[in-house]
Each structure stands twice: as C-alpha cells, then as structure tokens.
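Asker: You'll find entry.pdb just under this line, and it carries PDB, C-alpha atoms, pLDDT in the B column.
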ATOM      1  CA  MET A   1       0.000   0.000   0.000  1.00 87.00           C
ATOM      2  CA  PRO A   2       1.472   3.386  -0.965  1.00 91.00           C
ATOM      3  CA  GLU A   3       2.701   5.648   1.788  1.00 94.00           C
ATOM      4  CA  ARG A   4       3.575   9.336   1.846  1.00 95.00           C
ATOM      5  CA  PHE A   5       7.265  10.209   2.129  1.00 95.00           C
ATOM      6  CA  GLU A   6       8.899  13.600   2.475  1.00 95.00           C
ATOM      7  CA  LEU A   7      12.297  13.657   0.852  1.00 96.00           C
ATOM      8  CA  ASP A   8      15.053  16.264   1.001  1.00 97.00           C
ATOM      9  CA  VAL A   9      16.429  16.179  -2.535  1.00 98.00           C
ATOM     10  CA  ASN A  10      18.998  18.753  -3.631  1.00 98.00           C
ATOM     11  CA  GLY A  11      18.021  20.968  -0.703  1.00 97.00           C
ATOM     12  CA  LYS A  12      14.296  20.957  -1.465  1.00 97.00           C
ATOM     13  CA  VAL A  13      11.699  19.019   0.478  1.00 97.00           C
ATOM     14  CA  CYS A  14       9.279  17.135  -1.741  1.00 94.00           C
ATOM     15  CA  ALA A  15       6.438  14.790  -0.928  1.00 94.00           C
ATOM     16  CA  VAL A  16       5.860  11.567  -2.844  1.00 96.00           C
ATOM     17  CA  GLU A  17       3.448   8.688  -2.473  1.00 96.00           C
ATOM     18  CA  ALA A  18       4.847   5.269  -3.210  1.00 97.00           C
ATOM     19  CA  GLU A  19       5.342   1.779  -1.892  1.00 97.00           C
ATOM     20  CA  PRO A  20       8.066   1.818   0.798  1.00 97.00           C
ATOM     21  CA  ASP A  21      10.179  -0.674  -1.175  1.00 97.00           C
ATOM     22  CA  THR A  22      10.162   1.425  -4.361  1.00 97.00           C
ATOM     23  CA  PRO A  23      13.757   2.030  -5.454  1.00 98.00           C
ATOM     24  CA  LEU A  24      14.896   5.608  -4.895  1.00 98.00           C
ATOM     25  CA  LEU A  25      16.027   5.732  -8.546  1.00 98.00           C
ATOM     26  CA  TYR A  26      12.432   5.323  -9.739  1.00 98.00           C
ATOM     27  CA  ILE A  27      11.263   8.171  -7.512  1.00 98.00           C
ATOM     28  CA  LEU A  28      14.071  10.463  -8.673  1.00 98.00           C
ATOM     29  CA  ARG A  29      13.531   9.801 -12.370  1.00 98.00           C
ATOM     30  CA  ASN A  30       9.783   9.236 -12.612  1.00 97.00           C
ATOM     31  CA  ASP A  31       8.278  11.342  -9.823  1.00 97.00           C
ATOM     32  CA  LEU A  32      10.812  14.154  -9.424  1.00 97.00           C
ATOM     33  CA  ASP A  33      11.957  14.300 -13.084  1.00 97.00           C
ATOM     34  CA  LEU A  34      15.649  14.162 -12.134  1.00 97.00           C
ATOM     35  CA  LYS A  35      17.216  12.176 -14.972  1.00 97.00           C
ATOM     36  CA  GLY A  36      20.891  12.424 -14.004  1.00 95.00           C
ATOM     37  CA  ALA A  37      20.966   9.133 -12.101  1.00 96.00           C
ATOM     38  CA  ARG A  38      20.568   6.388 -14.675  1.00 95.00           C
ATOM     39  CA  TYR A  39      19.292   2.840 -14.655  1.00 95.00           C
ATOM     40  CA  GLY A  40      22.116   0.485 -15.471  1.00 91.00           C
ATOM     41  CA  CYS A  41      21.947  -2.938 -13.910  1.00 90.00           C
ATOM     42  CA  GLY A  42      19.208  -2.594 -11.306  1.00 91.00           C
ATOM     43  CA  THR A  43      21.267  -4.486  -8.738  1.00 90.00           C
ATOM     44  CA  GLY A  44      23.689  -1.850  -7.437  1.00 88.00           C
ATOM     45  CA  GLN A  45      26.629  -3.275  -9.366  1.00 88.00           C
ATOM     46  CA  CYS A  46      27.418  -0.754 -12.123  1.00 91.00           C
ATOM     47  CA  GLY A  47      27.215   2.671 -10.418  1.00 93.00           C
ATOM     48  CA  ALA A  48      25.210   4.499 -13.110  1.00 95.00           C
ATOM     49  CA  CYS A  49      22.528   5.352 -10.533  1.00 97.00           C
ATOM     50  CA  THR A  50      24.863   6.754  -7.861  1.00 97.00           C
ATOM     51  CA  VAL A  51      23.614   9.635  -5.721  1.00 98.00           C
ATOM     52  CA  LEU A  52      24.695  10.988  -2.344  1.00 98.00           C
ATOM     53  CA  MET A  53      22.775  10.226   0.836  1.00 98.00           C
ATOM     54  CA  ASP A  54      23.970  12.437   3.667  1.00 97.00           C
ATOM     55  CA  GLY A  55      27.185  12.873   1.661  1.00 96.00           C
ATOM     56  CA  LYS A  56      27.845   9.152   1.150  1.00 97.00           C
ATOM     57  CA  ASP A  57      27.653   7.655  -2.329  1.00 97.00           C
ATOM     58  CA  ILE A  58      24.931   5.023  -2.686  1.00 97.00           C
ATOM     59  CA  GLN A  59      23.359   3.134  -5.550  1.00 97.00           C
ATOM     60  CA  SER A  60      19.795   4.409  -5.870  1.00 98.00           C
ATOM     61  CA  CYS A  61      18.552   1.461  -7.940  1.00 97.00           C
ATOM     62  CA  ASP A  62      18.629  -0.888  -4.966  1.00 96.00           C
ATOM     63  CA  THR A  63      18.008   1.606  -2.150  1.00 98.00           C
ATOM     64  CA  PRO A  64      14.377   1.428  -1.026  1.00 98.00           C
ATOM     65  CA  LEU A  65      12.440   4.600  -0.402  1.00 97.00           C
ATOM     66  CA  TRP A  66      11.974   3.784   3.294  1.00 96.00           C
ATOM     67  CA  ALA A  67      15.770   3.832   3.766  1.00 97.00           C
ATOM     68  CA  VAL A  68      16.120   7.475   2.686  1.00 96.00           C
ATOM     69  CA  ALA A  69      13.415   8.968   4.907  1.00 90.00           C
ATOM     70  CA  GLY A  70      14.957  11.800   6.925  1.00 91.00           C
ATOM     71  CA  LYS A  71      18.157  11.758   4.859  1.00 96.00           C
ATOM     72  CA  SER A  72      19.538  14.402   2.532  1.00 98.00           C
ATOM     73  CA  ILE A  73      19.757  13.200  -1.074  1.00 98.00           C
ATOM     74  CA  THR A  74      21.963  14.941  -3.631  1.00 98.00           C
ATOM     75  CA  THR A  75      21.846  14.145  -7.330  1.00 98.00           C
ATOM     76  CA  VAL A  76      24.116  15.454 -10.059  1.00 97.00           C
ATOM     77  CA  GLU A  77      21.503  18.140 -10.741  1.00 97.00           C
ATOM     78  CA  GLY A  78      22.148  19.462  -7.228  1.00 97.00           C
ATOM     79  CA  ILE A  79      25.886  20.095  -7.428  1.00 96.00           C
ATOM     80  CA  GLY A  80      26.141  22.700 -10.187  1.00 93.00           C
ATOM     81  CA  THR A  81      24.399  24.417 -13.062  1.00 92.00           C
ATOM     82  CA  ARG A  82      25.199  24.952 -16.740  1.00 91.00           C
ATOM     83  CA  ALA A  83      26.048  28.568 -15.979  1.00 95.00           C
ATOM     84  CA  GLN A  84      28.080  27.697 -12.901  1.00 95.00           C
ATOM     85  CA  PRO A  85      29.236  24.076 -12.923  1.00 95.00           C
ATOM     86  CA  HIS A  86      30.720  22.483  -9.842  1.00 96.00           C
ATOM     87  CA  PRO A  87      34.558  22.373 -10.099  1.00 96.00           C
ATOM     88  CA  LEU A  88      34.297  18.610 -10.563  1.00 95.00           C
ATOM     89  CA  GLN A  89      31.902  19.012 -13.477  1.00 96.00           C
ATOM     90  CA  GLN A  90      34.153  21.652 -15.019  1.00 96.00           C
ATOM     91  CA  ALA A  91      37.213  19.440 -14.624  1.00 97.00           C
ATOM     92  CA  PHE A  92      35.419  16.551 -16.352  1.00 95.00           C
ATOM     93  CA  LEU A  93      34.569  18.895 -19.229  1.00 95.00           C
ATOM     94  CA  ASP A  94      38.116  20.289 -19.406  1.00 96.00           C
ATOM     95  CA  GLU A  95      39.659  16.805 -19.442  1.00 96.00           C
ATOM     96  CA  GLN A  96      37.011  15.444 -21.826  1.00 93.00           C
ATOM     97  CA  ALA A  97      36.537  12.646 -19.338  1.00 93.00           C
ATOM     98  CA  ALA A  98      33.142  11.536 -20.629  1.00 87.00           C
ATOM     99  CA  GLN A  99      32.748   9.573 -23.827  1.00 81.00           C
ATOM    100  CA  CYS A 100      29.191   8.281 -24.171  1.00 82.00           C
ATOM    101  CA  GLY A 101      28.217   9.920 -20.877  1.00 80.00           C
ATOM    102  CA  TYR A 102      25.964   7.138 -19.582  1.00 85.00           C
ATOM    103  CA  CYS A 103      28.011   6.274 -16.503  1.00 89.00           C
ATOM    104  CA  ILE A 104      29.537   9.682 -15.918  1.00 92.00           C
ATOM    105  CA  THR A 105      26.915  11.132 -13.577  1.00 94.00           C
ATOM    106  CA  GLY A 106      27.412   8.207 -11.215  1.00 95.00           C
ATOM    107  CA  ILE A 107      31.170   8.639 -11.454  1.00 95.00           C
ATOM    108  CA  LEU A 108      30.800  12.364 -10.747  1.00 96.00           C
ATOM    109  CA  MET A 109      28.767  11.670  -7.615  1.00 97.00           C
ATOM    110  CA  ALA A 110      31.192   9.037  -6.317  1.00 97.00           C
ATOM    111  CA  SER A 111      34.048  11.458  -7.069  1.00 97.00           C
ATOM    112  CA  LYS A 112      32.297  14.213  -5.140  1.00 97.00           C
ATOM    113  CA  ALA A 113      31.871  11.934  -2.142  1.00 98.00           C
ATOM    114  CA  LEU A 114      35.580  11.077  -2.395  1.00 97.00           C
ATOM    115  CA  LEU A 115      36.718  14.717  -2.579  1.00 97.00           C
ATOM    116  CA  ASP A 116      34.414  15.694   0.277  1.00 96.00           C
ATOM    117  CA  ARG A 117      36.127  13.181   2.573  1.00 96.00           C
ATOM    118  CA  ASN A 118      39.609  13.347   1.012  1.00 96.00           C
ATOM    119  CA  PRO A 119      40.487  16.652  -0.689  1.00 96.00           C
ATOM    120  CA  GLU A 120      43.829  15.336  -1.991  1.00 95.00           C
ATOM    121  CA  PRO A 121      43.235  11.768  -3.180  1.00 96.00           C
ATOM    122  CA  SER A 122      45.952   9.593  -4.631  1.00 96.00           C
ATOM    123  CA  ASP A 123      45.440   7.575  -7.806  1.00 96.00           C
ATOM    124  CA  ARG A 124      44.856   4.553  -5.577  1.00 96.00           C
ATOM    125  CA  ASP A 125      42.182   6.432  -3.583  1.00 97.00           C
ATOM    126  CA  ILE A 126      40.442   7.366  -6.826  1.00 96.00           C
ATOM    127  CA  ASP A 127      40.633   3.838  -8.193  1.00 95.00           C
ATOM    128  CA  GLN A 128      39.168   2.442  -4.964  1.00 96.00           C
ATOM    129  CA  ALA A 129      36.373   5.035  -4.899  1.00 96.00           C
ATOM    130  CA  LEU A 130      35.412   4.182  -8.476  1.00 95.00           C
ATOM    131  CA  GLU A 131      35.959   0.417  -8.464  1.00 92.00           C
ATOM    132  CA  ARG A 132      32.193  -0.282  -8.551  1.00 88.00           C
ATOM    133  CA  HIS A 133      31.654   1.990 -11.549  1.00 87.00           C
ATOM    134  CA  LEU A 134      31.570   0.327 -14.932  1.00 82.00           C
ATOM    135  CA  CYS A 135      32.711   2.428 -17.857  1.00 80.00           C
ATOM    136  CA  ARG A 136      33.314   0.768 -21.180  1.00 80.00           C
ATOM    137  CA  CYS A 137      34.589   3.868 -22.972  1.00 79.00           C
ATOM    138  CA  GLY A 138      38.128   3.573 -21.677  1.00 76.00           C
ATOM    139  CA  SER A 139      38.411   7.097 -20.337  1.00 84.00           C
ATOM    140  CA  HIS A 140      39.710   6.041 -16.924  1.00 86.00           C
ATOM    141  CA  ASN A 141      42.939   8.033 -17.195  1.00 91.00           C
ATOM    142  CA  ARG A 142      41.036  11.186 -18.148  1.00 94.00           C
ATOM    143  CA  ILE A 143      38.590  10.595 -15.292  1.00 93.00           C
ATOM    144  CA  ARG A 144      41.484  10.297 -12.851  1.00 95.00           C
ATOM    145  CA  ARG A 145      43.070  13.488 -14.248  1.00 95.00           C
ATOM    146  CA  ALA A 146      39.739  15.312 -13.951  1.00 96.00           C
ATOM    147  CA  ILE A 147      39.406  14.335 -10.300  1.00 96.00           C
ATOM    148  CA  HIS A 148      42.927  15.553  -9.551  1.00 96.00           C
ATOM    149  CA  ARG A 149      42.186  18.775 -11.454  1.00 96.00           C
ATOM    150  CA  ALA A 150      38.992  19.316  -9.456  1.00 96.00           C
ATOM    151  CA  ALA A 151      40.812  18.621  -6.178  1.00 96.00           C
ATOM    152  CA  GLN A 152      43.376  21.264  -7.078  1.00 94.00           C
ATOM    153  CA  ALA A 153      40.694  23.747  -8.196  1.00 94.00           C
ATOM    154  CA  MET A 154      38.711  23.193  -5.010  1.00 92.00           C
ATOM    155  CA  GLY A 155      41.763  23.770  -2.843  1.00 86.00           C
ATOM    156  CA  GLY A 156      40.110  22.000   0.075  1.00 56.00           C
ATOM    157  CA  LYS A 157      36.808  23.884  -0.416  1.00 50.00           C
ATOM    158  CA  ARG A 158      33.677  21.876  -1.150  1.00 45.00           C
TER     159      ARG A 158
END
Translate this file's structure into structure tokens.
Answerer:
Amino acid sequence: MPERFELDVNGKVCAVEAEPDTPLLYILRNDLDLKGARYGCGTGQCGACTVLMDGKDIQSCDTPLWAVAGKSITTVEGIGTRAQPHPLQQAFLDEQAAQCGYCITGILMASKALLDRNPEPSDRDIDQALERHLCRCGSHNRIRRAIHRAAQAMGGKR
C-alpha cells in the first residue's frame, strides 16, 4: 500500500506517495523528473545510478524509499548548473573525461563523495572510490586526471 514520504532532494523538500520498497532511482527519475541518475543494472553493481545520501555515495537502484526517509539526497543536478558548474563538473569537461556519458553522472557523484572526505586523493584512492563503476569507454585516465584537477581547483573547499 502506498505511503507518503517527504524527501530532502537537492536541498528541497518534496512529498511523494509510493510503496516503501520502491527504489529511490524510480522516484528520482519518474516522480521528481531528475534524470541524471541512470538505470544500469538494477542491482547496485554498475554505479550508473549513484547519488549521495547524507554525503555518502549510494546506488539508488537498490536503495528502497523507506531507507532514505529523513536523509539528505543529492543528485548530479544538485551540485552545479550549466552557468556555474561544480569544479568537478568543469574538470570533467576540461579533461574530456566523458565519452558516451551514460556512466559519468554516477562517477561524478562518487568522485564528489571522495573529494568531500579526502580533498587530496591519490590515484589509488580514486581507483578504490570508483571500483564499482563500470565504464566501457576507456576514459579512466582522463577521469582520474579530472578528479585531480577538481581537487586542485577546489583547494580543500567543497
């Protein structure tokens, strides 16, 4: 039976009615029209659906709605704008780190979580933070460079 949930998404409180076990990804995309998080595998394995919950990167495809009640959710739409991109988004553009772009929003969100907890990550830190993210385009070196560029641009500010 559907229940009413109030969600804090990108700093705005919104109310939705859904089954408690509905995946957060479905709510974001279908109810809130936030298309940045993408459906990839549906089992939390590929990372295309990554968002932040209270600053921690999670896979929204296998996170039930009941688990996010009272938490702050941030999607890629909440970290920057076209006119004023987040330094991480700008670095990904500058390094041309996205090829097809399907996985990149999940990678951006995992990278943001990494830089928020570690403003000067090593290559190993980056590789570990992104190990669950599948990208078949082969732009891993550019992604790593973009994260280092963003870390430098942010200078410890997030």
Asker: Do a neighbour search on region 74-76 of chain A at 7 Å with all atoms listed in the file, toss out local chain neighbours closer than 4 positions, and write the hits as a list in words.
Answerer: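 Once the adjacent positions are removed, what remains is Val9, Asn10, Gly36, Ala37, Val51, Leu52, Met53, Thr105 and Met109 of chain A.
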Asker: Could you check which residues have any atom within 12 Å of (33.1, -1.4, -19.1), counting all atoms listed in the file with coordinates taken straight from the file, and then list them as a ChimeraX atom specification?
Answerer: /A:40,45-48,99-100,102-103,131-140
Asker: Show me, as a PyMOL selection string, the residues that have an atom within 8 Å of Leu108 (chain A) when counting all atoms listed in the file, minus same-chain residues fewer than 3 positions from it.
Answerer: chain A and resi 76+88-89+104-105+111-112
Asker: Kindly give the distance, in Å, that separates CA of Asp127 (chain A) and CA of Leu28 (chain A), rounded to a single decimal.
Answerer: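 These atoms are spaced 27.4 Å apart.
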Asker: Pull out every residue that the PyMOL selection byres ((chain A and resi 125) around 12) matches in the shown coordinates and put them as a ChimeraX atom specification.
Answerer: /A:110-111,113-115,117-124,126-131,144,147-148
Asker: I'd like to know which of A:Leu24, A:Ala151, A:Cys14, A:Ile143 is closest to Leu93 (chain A), using all atoms listed in the file.
Answerer: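 Closest to Leu93 (chain A) of all the choices is A:Ile143.
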Asker: Leaving out Glu6 (chain A) and any residue of its chain fewer than 4 positions from it, which residues lie within 7 Å of it when counting all atoms listed in the file, given as a PyMOL selection string?
Answerer: chain A and resi 13-16+69
Asker: Please indicate the distance in Å from CA of Pro2 (chain A) to CA of Glu17 (chain A), rounded to one decimal place.
Answerer: 5.9 Å
Asker: Can you list, as a list in words, every protein, DNA or RNA residue that comes within 12 Å of Met1 (chain A) when you count all atoms listed in the file, leaving out same-chain residues fewer than 3 positions away?
Answerer: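 So the residues in contact are Arg4, Glu17, Ala18, Glu19, Pro20, Asp21 and Thr22 of chain A.
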Asker: What box, with edges along x, y and z, holds each listed atom of region 114-126 of chain A when 5 Å is added on every side, and can you state its centre and edge lengths in Å to one decimal, as JSON?
Answerer:
{"center_x": 40.2, "center_y": 10.6, "center_z": -2.6, "size_x": 21.5, "size_y": 22.1, "size_z": 20.4}
Asker: Which polymer residues, protein or nucleic acid, are no farther than 9 Å from (22.5, -2.3, -4.9), counting all atoms listed in the file, as an MDAnalysis selection string?
Answerer: chainID A and resid 42:47 58:63
Asker: Give me a file of those residues, with C-alpha atoms, as an mmCIF file, in the frame of the given file.
Answerer:
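As a result, out.cif now contains:
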data_model
loop_
_atom_site.group_PDB
_atom_site.id
_atom_site.type_symbol
_atom_site.label_atom_id
_atom_site.label_comp_id
_atom_site.auth_asym_id
_atom_site.auth_seq_id
_atom_site.Cartn_x
_atom_site.Cartn_y
_atom_site.Cartn_z
ATOM 1 C CA GLY A 42 19.208 -2.594 -11.306
ATOM 2 C CA THR A 43 21.267 -4.486 -8.738
ATOM 3 C CA GLY A 44 23.689 -1.850 -7.437
ATOM 4 C CA GLN A 45 26.629 -3.275 -9.366
ATOM 5 C CA CYS A 46 27.418 -0.754 -12.123
ATOM 6 C CA GLY A 47 27.215 2.671 -10.418
ATOM 7 C CA ILE A 58 24.931 5.023 -2.686
ATOM 8 C CA GLN A 59 23.359 3.134 -5.550
ATOM 9 C CA SER A 60 19.795 4.409 -5.870
ATOM 10 C CA CYS A 61 18.552 1.461 -7.940
ATOM 11 C CA ASP A 62 18.629 -0.888 -4.966
ATOM 12 C CA THR A 63 18.008 1.606 -2.150
#
Asker: So which one's closest to Lys35 (chain A), A:Asp8, A:Glu77, A:Asp94, A:Glu3? Using only C-alpha atoms, please.
Answerer: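 Closest to Lys35 (chain A), using only C-alpha atoms: A:Glu77.
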Asker: Pick the closest to Pro64 (chain A) from A:Pro23, A:Gly11, A:Pro85, A:Gly106: which is it, counting only C-alpha atoms?
Answerer: A:Pro23
Asker: Record the distance separating CA of Thr50 (chain A) and CA of Gly155 (chain A), expressed in Å with one decimal.
Answerer: 24.5 Å
Asker: Fix up region 17-50 of chain A with N, CA and C atoms, then write it as a compact mmCIF listing (two decimals), keeping the file's coordinate frame.
Answerer:
# COMPACT_ATOMS: atom_id res chain seq x y z
N GLU A 17 4.20 9.85 -2.95
CA GLU A 17 3.45 8.69 -2.47
C GLU A 17 3.89 7.49 -3.27
N ALA A 18 4.35 6.47 -2.54
CA ALA A 18 4.85 5.27 -3.21
C ALA A 18 4.92 4.13 -2.21
N GLU A 19 5.10 2.94 -2.74
CA GLU A 19 5.34 1.78 -1.89
C GLU A 19 6.68 1.98 -1.19
N PRO A 20 6.81 1.61 0.06
CA PRO A 20 8.07 1.82 0.80
C PRO A 20 9.28 1.14 0.16
N ASP A 21 9.06 0.05 -0.56
CA ASP A 21 10.18 -0.67 -1.18
C ASP A 21 10.52 -0.19 -2.58
N THR A 22 9.86 0.87 -3.04
CA THR A 22 10.16 1.42 -4.36
C THR A 22 11.60 1.92 -4.38
N PRO A 23 12.38 1.54 -5.39
CA PRO A 23 13.76 2.03 -5.45
C PRO A 23 13.80 3.56 -5.57
N LEU A 24 14.72 4.16 -4.85
CA LEU A 24 14.90 5.61 -4.89
C LEU A 24 15.08 6.09 -6.33
N LEU A 25 15.80 5.34 -7.15
CA LEU A 25 16.03 5.73 -8.55
C LEU A 25 14.72 6.00 -9.27
N TYR A 26 13.72 5.15 -9.07
CA TYR A 26 12.43 5.32 -9.74
C TYR A 26 11.75 6.62 -9.31
N ILE A 27 11.86 6.94 -8.03
CA ILE A 27 11.26 8.17 -7.51
C ILE A 27 11.97 9.39 -8.12
N LEU A 28 13.30 9.34 -8.12
CA LEU A 28 14.07 10.46 -8.67
C LEU A 28 13.72 10.70 -10.14
N ARG A 29 13.73 9.65 -10.93
CA ARG A 29 13.53 9.80 -12.37
C ARG A 29 12.06 10.02 -12.74
N ASN A 30 11.18 9.23 -12.16
CA ASN A 30 9.78 9.24 -12.61
C ASN A 30 8.91 10.26 -11.89
N ASP A 31 9.12 10.44 -10.59
CA ASP A 31 8.28 11.34 -9.82
C ASP A 31 8.86 12.75 -9.74
N LEU A 32 10.18 12.85 -9.61
CA LEU A 32 10.81 14.15 -9.42
C LEU A 32 11.47 14.68 -10.70
N ASP A 33 11.44 13.90 -11.77
CA ASP A 33 11.96 14.30 -13.08
C ASP A 33 13.44 14.67 -13.05
N LEU A 34 14.19 13.98 -12.21
CA LEU A 34 15.65 14.16 -12.13
C LEU A 34 16.28 13.00 -12.89
N LYS A 35 16.76 13.24 -14.07
CA LYS A 35 17.22 12.18 -14.97
C LYS A 35 18.71 11.90 -14.91
N GLY A 36 19.44 12.61 -14.06
CA GLY A 36 20.89 12.42 -14.00
C GLY A 36 21.31 11.03 -13.58
N ALA A 37 20.69 10.51 -12.53
CA ALA A 37 20.97 9.13 -12.10
C ALA A 37 20.31 8.21 -13.13
N ARG A 38 21.06 7.24 -13.60
CA ARG A 38 20.57 6.39 -14.68
C ARG A 38 20.40 4.95 -14.23
N TYR A 39 19.47 4.27 -14.88
CA TYR A 39 19.29 2.84 -14.66
C TYR A 39 20.34 2.10 -15.47
N GLY A 40 21.11 1.29 -14.78
CA GLY A 40 22.12 0.48 -15.47
C GLY A 40 21.81 -0.98 -15.31
N CYS A 41 22.12 -1.51 -14.14
CA CYS A 41 21.95 -2.94 -13.91
C CYS A 41 20.74 -3.26 -13.04
N GLY A 42 20.33 -2.34 -12.20
CA GLY A 42 19.21 -2.59 -11.31
C GLY A 42 19.57 -3.38 -10.06
N THR A 43 20.85 -3.70 -9.90
CA THR A 43 21.27 -4.49 -8.74
C THR A 43 22.39 -3.82 -7.94
N GLY A 44 22.66 -2.56 -8.19
CA GLY A 44 23.69 -1.85 -7.44
C GLY A 44 25.11 -2.24 -7.79
N GLN A 45 25.31 -2.79 -8.97
CA GLN A 45 26.63 -3.28 -9.37
C GLN A 45 27.41 -2.34 -10.28
N CYS A 46 26.71 -1.49 -11.07
CA CYS A 46 27.42 -0.75 -12.12
C CYS A 46 27.71 0.71 -11.78
N GLY A 47 26.95 1.30 -10.85
CA GLY A 47 27.22 2.67 -10.42
C GLY A 47 26.56 3.77 -11.21
N ALA A 48 25.83 3.46 -12.29
CA ALA A 48 25.21 4.50 -13.11
C ALA A 48 24.16 5.30 -12.34
N CYS A 49 23.61 4.73 -11.29
CA CYS A 49 22.53 5.35 -10.53
C CYS A 49 23.01 6.04 -9.26
N THR A 50 24.30 6.24 -9.10
CA THR A 50 24.86 6.75 -7.86
C THR A 50 24.38 8.16 -7.54
